[in-house]
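Data first, discussion second: the structure below is written as structure tokens.
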Amino acid sequence: MTAFTVALVLVVAAAGLVRWRRPAWYWLAFGVTLAALRVLVRYRSVMDACGLTVPPARWRLSLARATNQPIPEPRPPRIRRLRPTRTGLVLRLKLRPGQDVFDIAAASDRLRHSFSMFGVTSREVRSGVVEVRMTGYDVLKRVQMPAETETRAMRLPVALREDGSVHYRDYRAIPHALTLGATESGKSVYQRNLVAGLAPLDVALVGIDCKQGVELFPLARRFSALADSPDTAAELLDALVARMADVYRLIRTQQRITVDVPDAEIAADIWDLPDELRPTPVVVLVDEVAELALYATKEEERRRDRIITALVRLAQLGRAAGIYLEICGQRFGSELGKGITMLRAQLTGRTAHRLNDETSANMAFGDIAPDAVLAAIQIPAELRGLAIAGDASGGWHRIRAPHTSLRQAVNLCNRYADRTPDLPELAPFRPTTGTATELVPSAKASPATV
């Protein structure tokens, strides 16, 4: 008996250690079975307590009275499928007549407590069918991306959602995006994940980093063009606008609109062109948009208007030409001047890390998901990388990108440096790479700066 007790204690201690260090392993080994049994056993009583049942049909009541049988109990939504995942359970429910998907969403917090799960979210699959995703542990505490993800052209996994699913950045569905975040909020790590995901693809990367290039220039081997000052950024954006016009002329010449050409073969953007004629898509990453909008003199004001006008043009017209914008910044508000709200309106994807003020949160989500504003300003400072992601559909999610160090991002960019396309329009802005001594002069070589 003593040996059995010692073995039991060791098993419990090992399970506790695995649950602390590797929660996914613990969930797959023990948690998923216990959670599935708990959901199935408690299902009817929990649904009744949460007000998610409907009275029995009238014919059932009439039949019970006629046969002197007990009155049937209220009916909960019918379980169509219960599927375990590496992070929790997926419950697909068929709603009863009179029930609504919003009833399930409103009861998510009560379902979480009743089923002893970490989180519960719901979404409508189709009319009358709701998918309830339950997470068994905090998947955002230590982000571990799944080994297999659904990738396709211009669609890459960048983060993990709070329900355990993968958050994708799909440039063909959401061409332009705005990413906000205060200092030390994880915005730079999110940007590195974007670059790391784009590096293996056939795409040209263009960067604008007005902090003298400290964020993007280490990744220069994978960039087709880089700008480290507002003056260079203005010229680079003008070159992109000129490239956009050239691409549209190419599409126009290849449309071939005749009577015998079916609709599916009429070119309206670069993805309708043949592979041998399709221009290389371009992703433009702006590290700090506020630096492009600030000015102190009349000359800087004219440069600022030139930059914002070019960005608005690219945001309005660049999708069909294969030019996609990733606008990042610590602060984004109407006080940055005219054209900022017009630019914001074209940025469909919105991602907000921890913000220091409510105004920036309102600029990110106020026009698409007002309830996400409060969630964005309540992100604690110690949870770096945690963000709120939404789009123009009004839906939003809590996400967190896996930590990617600058060294890891540099290694990926160096590995895929041979995939960097040479674009003639952007050739003057192609970054030059060299050793550290070539890029940063030593103190001995310039004693006048001491």
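Chain labels follow the order of the structure tokens: the first chain is A, the next B, and so on; residue numbering restarts at 1 in every chain, and ligands are counted from 1 in their shown order.
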
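Using only C-alpha atoms, the protein and nucleic acid residues lying no more than 10 Å from range 100-102 of chain A, apart from those fewer than 3 places from it along its own chain, are Leu52, Leu95, Arg96, Pro97, Ala105, Ala106, Ala107, Ser108, Ser122, Arg123, Glu124, Val125, Ser127, Gly128, Val129, Val130 and Glu131 of chain A.
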
Write a file of the just-selected residues containing all heavy atoms, as a compact mmCIF listing (two decimals), in the first residue's frame.
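Written file, selection.txt:
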```
# COMPACT_ATOMS: atom_id res chain seq x y z
N LEU A 52 -30.73 28.60 -21.72
CA LEU A 52 -30.54 28.25 -23.13
C LEU A 52 -31.40 27.05 -23.52
O LEU A 52 -31.00 26.24 -24.36
CB LEU A 52 -29.06 27.97 -23.41
CG LEU A 52 -28.12 29.14 -23.17
CD1 LEU A 52 -26.67 28.72 -23.40
CD2 LEU A 52 -28.48 30.31 -24.08
N LEU A 95 -29.49 24.86 -32.99
CA LEU A 95 -30.40 25.64 -32.17
C LEU A 95 -31.84 25.15 -32.34
O LEU A 95 -32.24 24.69 -33.42
CB LEU A 95 -30.30 27.12 -32.54
CG LEU A 95 -28.94 27.79 -32.32
CD1 LEU A 95 -29.02 29.26 -32.70
CD2 LEU A 95 -28.48 27.65 -30.88
N ARG A 96 -32.60 25.29 -31.27
CA ARG A 96 -34.01 24.96 -31.30
C ARG A 96 -34.80 26.16 -31.86
O ARG A 96 -34.30 27.29 -31.86
CB ARG A 96 -34.51 24.64 -29.89
CG ARG A 96 -33.79 23.47 -29.23
CD ARG A 96 -34.17 22.15 -29.84
NE ARG A 96 -33.56 21.03 -29.11
CZ ARG A 96 -33.73 19.75 -29.42
NH1 ARG A 96 -34.50 19.43 -30.46
NH2 ARG A 96 -33.14 18.80 -28.71
N PRO A 97 -36.01 25.94 -32.33
CA PRO A 97 -36.84 27.07 -32.79
C PRO A 97 -37.04 28.10 -31.68
O PRO A 97 -37.38 27.74 -30.54
CB PRO A 97 -38.16 26.40 -33.19
CG PRO A 97 -37.78 24.99 -33.54
CD PRO A 97 -36.65 24.64 -32.60
N ALA A 105 -23.84 33.63 -27.29
CA ALA A 105 -22.73 34.57 -27.06
C ALA A 105 -22.89 35.28 -25.72
O ALA A 105 -21.91 35.50 -25.01
CB ALA A 105 -22.67 35.58 -28.20
N ALA A 106 -24.12 35.65 -25.35
CA ALA A 106 -24.34 36.34 -24.09
C ALA A 106 -24.07 35.45 -22.89
O ALA A 106 -23.71 35.93 -21.80
CB ALA A 106 -25.76 36.90 -24.03
N ALA A 107 -24.22 34.14 -23.06
CA ALA A 107 -24.02 33.20 -21.95
C ALA A 107 -22.62 32.59 -21.95
O ALA A 107 -22.38 31.64 -21.20
CB ALA A 107 -25.07 32.09 -22.02
N SER A 108 -21.70 33.12 -22.75
CA SER A 108 -20.37 32.51 -22.86
C SER A 108 -19.64 32.49 -21.52
O SER A 108 -19.01 31.49 -21.16
CB SER A 108 -19.53 33.28 -23.90
OG SER A 108 -20.09 33.14 -25.18
N SER A 122 -18.06 31.83 -29.32
CA SER A 122 -19.04 31.21 -30.21
C SER A 122 -19.10 31.99 -31.51
O SER A 122 -18.81 33.19 -31.56
CB SER A 122 -20.42 31.15 -29.55
OG SER A 122 -20.89 32.45 -29.28
N ARG A 123 -19.49 31.29 -32.56
CA ARG A 123 -19.71 31.93 -33.86
C ARG A 123 -20.77 31.14 -34.62
O ARG A 123 -20.96 29.93 -34.41
CB ARG A 123 -18.43 31.99 -34.68
CG ARG A 123 -17.93 30.64 -35.18
CD ARG A 123 -16.66 30.76 -36.00
NE ARG A 123 -16.24 29.48 -36.54
CZ ARG A 123 -16.59 29.02 -37.73
NH1 ARG A 123 -17.39 29.75 -38.50
NH2 ARG A 123 -16.16 27.86 -38.16
N GLU A 124 -21.47 31.83 -35.49
CA GLU A 124 -22.52 31.20 -36.28
C GLU A 124 -21.91 30.57 -37.53
O GLU A 124 -21.27 31.26 -38.34
CB GLU A 124 -23.58 32.22 -36.66
CG GLU A 124 -24.77 31.61 -37.39
CD GLU A 124 -25.84 32.64 -37.69
OE1 GLU A 124 -25.56 33.85 -37.54
OE2 GLU A 124 -26.95 32.25 -38.10
N VAL A 125 -22.10 29.29 -37.70
CA VAL A 125 -21.60 28.58 -38.88
C VAL A 125 -22.54 28.80 -40.05
O VAL A 125 -22.11 29.16 -41.15
CB VAL A 125 -21.42 27.09 -38.58
CG1 VAL A 125 -20.94 26.34 -39.82
CG2 VAL A 125 -20.46 26.89 -37.42
N SER A 127 -27.22 29.27 -40.69
CA SER A 127 -28.48 29.52 -40.01
C SER A 127 -28.87 28.34 -39.14
O SER A 127 -29.03 27.22 -39.62
CB SER A 127 -29.58 29.80 -41.04
OG SER A 127 -30.80 30.03 -40.41
N GLY A 128 -28.99 28.61 -37.83
CA GLY A 128 -29.42 27.59 -36.90
C GLY A 128 -28.32 26.71 -36.35
O GLY A 128 -28.59 25.84 -35.52
N VAL A 129 -27.07 26.91 -36.77
CA VAL A 129 -25.94 26.10 -36.31
C VAL A 129 -24.88 27.03 -35.72
O VAL A 129 -24.45 27.98 -36.38
CB VAL A 129 -25.33 25.25 -37.44
CG1 VAL A 129 -24.15 24.43 -36.93
CG2 VAL A 129 -26.40 24.33 -38.04
N VAL A 130 -24.48 26.75 -34.49
CA VAL A 130 -23.50 27.57 -33.77
C VAL A 130 -22.33 26.69 -33.37
O VAL A 130 -22.52 25.55 -32.92
CB VAL A 130 -24.13 28.22 -32.52
CG1 VAL A 130 -23.09 29.01 -31.74
CG2 VAL A 130 -25.28 29.12 -32.92
N GLU A 131 -21.14 27.23 -33.54
CA GLU A 131 -19.93 26.54 -33.11
C GLU A 131 -19.39 27.20 -31.85
O GLU A 131 -19.10 28.40 -31.86
CB GLU A 131 -18.87 26.57 -34.21
CG GLU A 131 -17.62 25.75 -33.88
CD GLU A 131 -16.62 25.77 -35.02
OE1 GLU A 131 -15.83 26.73 -35.08
OE2 GLU A 131 -16.63 24.83 -35.84
```

Find the residues near Asp275 in chain A: any atom within 12 Å, counting only C-alpha atoms, skip ones fewer than 5 places away on the same chain, and give them as a CSV table (one decimal) with C-alpha atoms, in the first residue's frame.
```
chain,number,residue,atom,x,y,z
A,202,ASP,CA,7.5,35.7,-53.9
A,270,ILE,CA,-2.6,41.3,-61.1
A,280,THR,CA,5.6,41.0,-58.3
```

Contact residues around Met145 in chain A with only C-alpha atoms at 9 Å, ignoring same-chain residues under 4 positions, as a PyMOL selection string: chain A and resi 149+157-160+166+401-402

With distances taken over only C-alpha atoms, the candidate from A:Thr2, A:Thr135, A:Thr359, A:Thr351 nearest Tyr190 in chain A is A:Thr351

Where in range 80-214 of chain A does DSSP assign strand (DSSP E), given as number ranges by chain? A: 80-84, 88-94, 119-126, 129-135, 155-161, 166-170, 177-180, 204-208

Cut-off 12 Å: closest range 94-135 of chain A/range 25-31 of chain A atom pairs per residue, using only C-alpha atoms, as a Markdown table:
```
| residue | atom | partner | partner_atom | distance |
| --- | --- | --- | --- | --- |
| A:Ser116 | CA | A:Gly31 | CA | 10.9 |
| A:Met117 | CA | A:Gly31 | CA | 10.1 |
| A:Phe118 | CA | A:Gly31 | CA | 11.7 |
| A:Thr135 | CA | A:Trp27 | CA | 9.8 |
```

Near-range 382-392 of chain A list (7 Å; only C-alpha atoms; drop same-chain fewer than 3 positions) as a PyMOL selection string: chain A and resi 184-187+348-354+368+376+395-401

Would you mind telling me which residue in A:Val32, A:Leu226, A:Leu355, A:Ala364 lies nearest to Gln378 in chain A when using only C-alpha atoms? A:Leu355

Which residues are close to range 243-256 of chain A, i.e. within 10 Å by only C-alpha atoms, leaving aside same-chain residues fewer than 5 positions away? Reply as a PyMOL selection string. chain A and resi 237-238+261+265-274+277-280+313-314+317-323+423-426

From the set A:Arg92, A:Arg75, A:Lys338, A:Arg303, which residue has the shortest atom-to-atom contact distance to Ala234 in chain A, counting only C-alpha atoms?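 So, comparing all the options, the nearest one is A:Arg303.
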
Using only C-alpha atoms, which protein or nucleic acid residues come within 10 Å of Ala233 in chain A? Drop anything in the same chain fewer than 3 positions from it, and give the result as a ChimeraX atom specification. /A:207-210,226-230,236-239,286,292,303,307,429

Taking N, CA, C and O atoms for each residue, export the selection above as a PDB file, in the first residue's frame.
```pdb
ATOM      1  N   GLY A 207      10.368  48.985 -47.050  1.00  0.00           N
ATOM      2  CA  GLY A 207      10.296  49.471 -45.679  1.00  0.00           C
ATOM      3  C   GLY A 207      10.545  50.958 -45.575  1.00  0.00           C
ATOM      4  O   GLY A 207      11.361  51.522 -46.315  1.00  0.00           O
ATOM      5  N   ILE A 208       9.810  51.585 -44.655  1.00  0.00           N
ATOM      6  CA  ILE A 208      10.019  53.001 -44.312  1.00  0.00           C
ATOM      7  C   ILE A 208      10.196  53.063 -42.810  1.00  0.00           C
ATOM      8  O   ILE A 208       9.254  52.819 -42.058  1.00  0.00           O
ATOM      9  N   ASP A 209      11.412  53.349 -42.386  1.00  0.00           N
ATOM     10  CA  ASP A 209      11.762  53.353 -40.960  1.00  0.00           C
ATOM     11  C   ASP A 209      12.479  54.657 -40.672  1.00  0.00           C
ATOM     12  O   ASP A 209      13.672  54.801 -40.946  1.00  0.00           O
ATOM     13  N   CYS A 210      11.738  55.621 -40.134  1.00  0.00           N
ATOM     14  CA  CYS A 210      12.297  56.950 -39.894  1.00  0.00           C
ATOM     15  C   CYS A 210      13.094  57.044 -38.601  1.00  0.00           C
ATOM     16  O   CYS A 210      13.533  58.134 -38.223  1.00  0.00           O
ATOM     17  N   LEU A 226      14.377  50.499 -49.054  1.00  0.00           N
ATOM     18  CA  LEU A 226      14.284  50.966 -47.670  1.00  0.00           C
ATOM     19  C   LEU A 226      14.512  52.465 -47.638  1.00  0.00           C
ATOM     20  O   LEU A 226      15.356  52.992 -48.381  1.00  0.00           O
ATOM     21  N   ALA A 227      13.779  53.129 -46.762  1.00  0.00           N
ATOM     22  CA  ALA A 227      13.942  54.566 -46.537  1.00  0.00           C
ATOM     23  C   ALA A 227      14.088  54.804 -45.050  1.00  0.00           C
ATOM     24  O   ALA A 227      13.331  54.236 -44.258  1.00  0.00           O
ATOM     25  N   ASP A 228      15.056  55.640 -44.669  1.00  0.00           N
ATOM     26  CA  ASP A 228      15.315  55.884 -43.247  1.00  0.00           C
ATOM     27  C   ASP A 228      15.068  57.333 -42.845  1.00  0.00           C
ATOM     28  O   ASP A 228      15.441  57.734 -41.741  1.00  0.00           O
ATOM     29  N   SER A 229      14.446  58.134 -43.715  1.00  0.00           N
ATOM     30  CA  SER A 229      14.153  59.531 -43.387  1.00  0.00           C
ATOM     31  C   SER A 229      12.898  59.945 -44.141  1.00  0.00           C
ATOM     32  O   SER A 229      12.550  59.346 -45.173  1.00  0.00           O
ATOM     33  N   PRO A 230      12.208  60.987 -43.677  1.00  0.00           N
ATOM     34  CA  PRO A 230      11.005  61.436 -44.397  1.00  0.00           C
ATOM     35  C   PRO A 230      11.283  61.885 -45.820  1.00  0.00           C
ATOM     36  O   PRO A 230      10.443  61.686 -46.710  1.00  0.00           O
ATOM     37  N   LEU A 236      10.446  57.590 -52.261  1.00  0.00           N
ATOM     38  CA  LEU A 236      10.107  56.178 -52.410  1.00  0.00           C
ATOM     39  C   LEU A 236       8.616  55.989 -52.671  1.00  0.00           C
ATOM     40  O   LEU A 236       8.212  55.185 -53.529  1.00  0.00           O
ATOM     41  N   LEU A 237       7.774  56.729 -51.955  1.00  0.00           N
ATOM     42  CA  LEU A 237       6.331  56.607 -52.165  1.00  0.00           C
ATOM     43  C   LEU A 237       5.928  57.111 -53.536  1.00  0.00           C
ATOM     44  O   LEU A 237       5.027  56.541 -54.176  1.00  0.00           O
ATOM     45  N   ASP A 238       6.587  58.163 -54.027  1.00  0.00           N
ATOM     46  CA  ASP A 238       6.308  58.618 -55.393  1.00  0.00           C
ATOM     47  C   ASP A 238       6.670  57.545 -56.409  1.00  0.00           C
ATOM     48  O   ASP A 238       5.960  57.342 -57.415  1.00  0.00           O
ATOM     49  N   ALA A 239       7.774  56.837 -56.171  1.00  0.00           N
ATOM     50  CA  ALA A 239       8.161  55.747 -57.071  1.00  0.00           C
ATOM     51  C   ALA A 239       7.137  54.617 -57.035  1.00  0.00           C
ATOM     52  O   ALA A 239       6.848  53.994 -58.070  1.00  0.00           O
ATOM     53  N   VAL A 286       5.481  50.515 -42.997  1.00  0.00           N
ATOM     54  CA  VAL A 286       5.812  51.820 -42.429  1.00  0.00           C
ATOM     55  C   VAL A 286       5.940  51.643 -40.926  1.00  0.00           C
ATOM     56  O   VAL A 286       4.962  51.324 -40.247  1.00  0.00           O
ATOM     57  N   LEU A 292       6.138  60.573 -40.265  1.00  0.00           N
ATOM     58  CA  LEU A 292       5.881  61.055 -41.622  1.00  0.00           C
ATOM     59  C   LEU A 292       4.867  62.182 -41.648  1.00  0.00           C
ATOM     60  O   LEU A 292       4.784  62.916 -42.635  1.00  0.00           O
ATOM     61  N   ARG A 303       6.303  68.615 -47.640  1.00  0.00           N
ATOM     62  CA  ARG A 303       6.746  67.232 -47.732  1.00  0.00           C
ATOM     63  C   ARG A 303       5.756  66.291 -47.062  1.00  0.00           C
ATOM     64  O   ARG A 303       5.454  65.215 -47.583  1.00  0.00           O
ATOM     65  N   ILE A 307       3.675  63.150 -48.735  1.00  0.00           N
ATOM     66  CA  ILE A 307       3.747  61.775 -48.232  1.00  0.00           C
ATOM     67  C   ILE A 307       2.357  61.224 -47.962  1.00  0.00           C
ATOM     68  O   ILE A 307       2.017  60.100 -48.382  1.00  0.00           O
ATOM     69  N   PHE A 429      16.547  52.910 -54.311  1.00  0.00           N
ATOM     70  CA  PHE A 429      16.308  52.776 -52.872  1.00  0.00           C
ATOM     71  C   PHE A 429      16.714  51.401 -52.347  1.00  0.00           C
ATOM     72  O   PHE A 429      16.409  51.077 -51.203  1.00  0.00           O
TER      73      PHE A 429
END
```
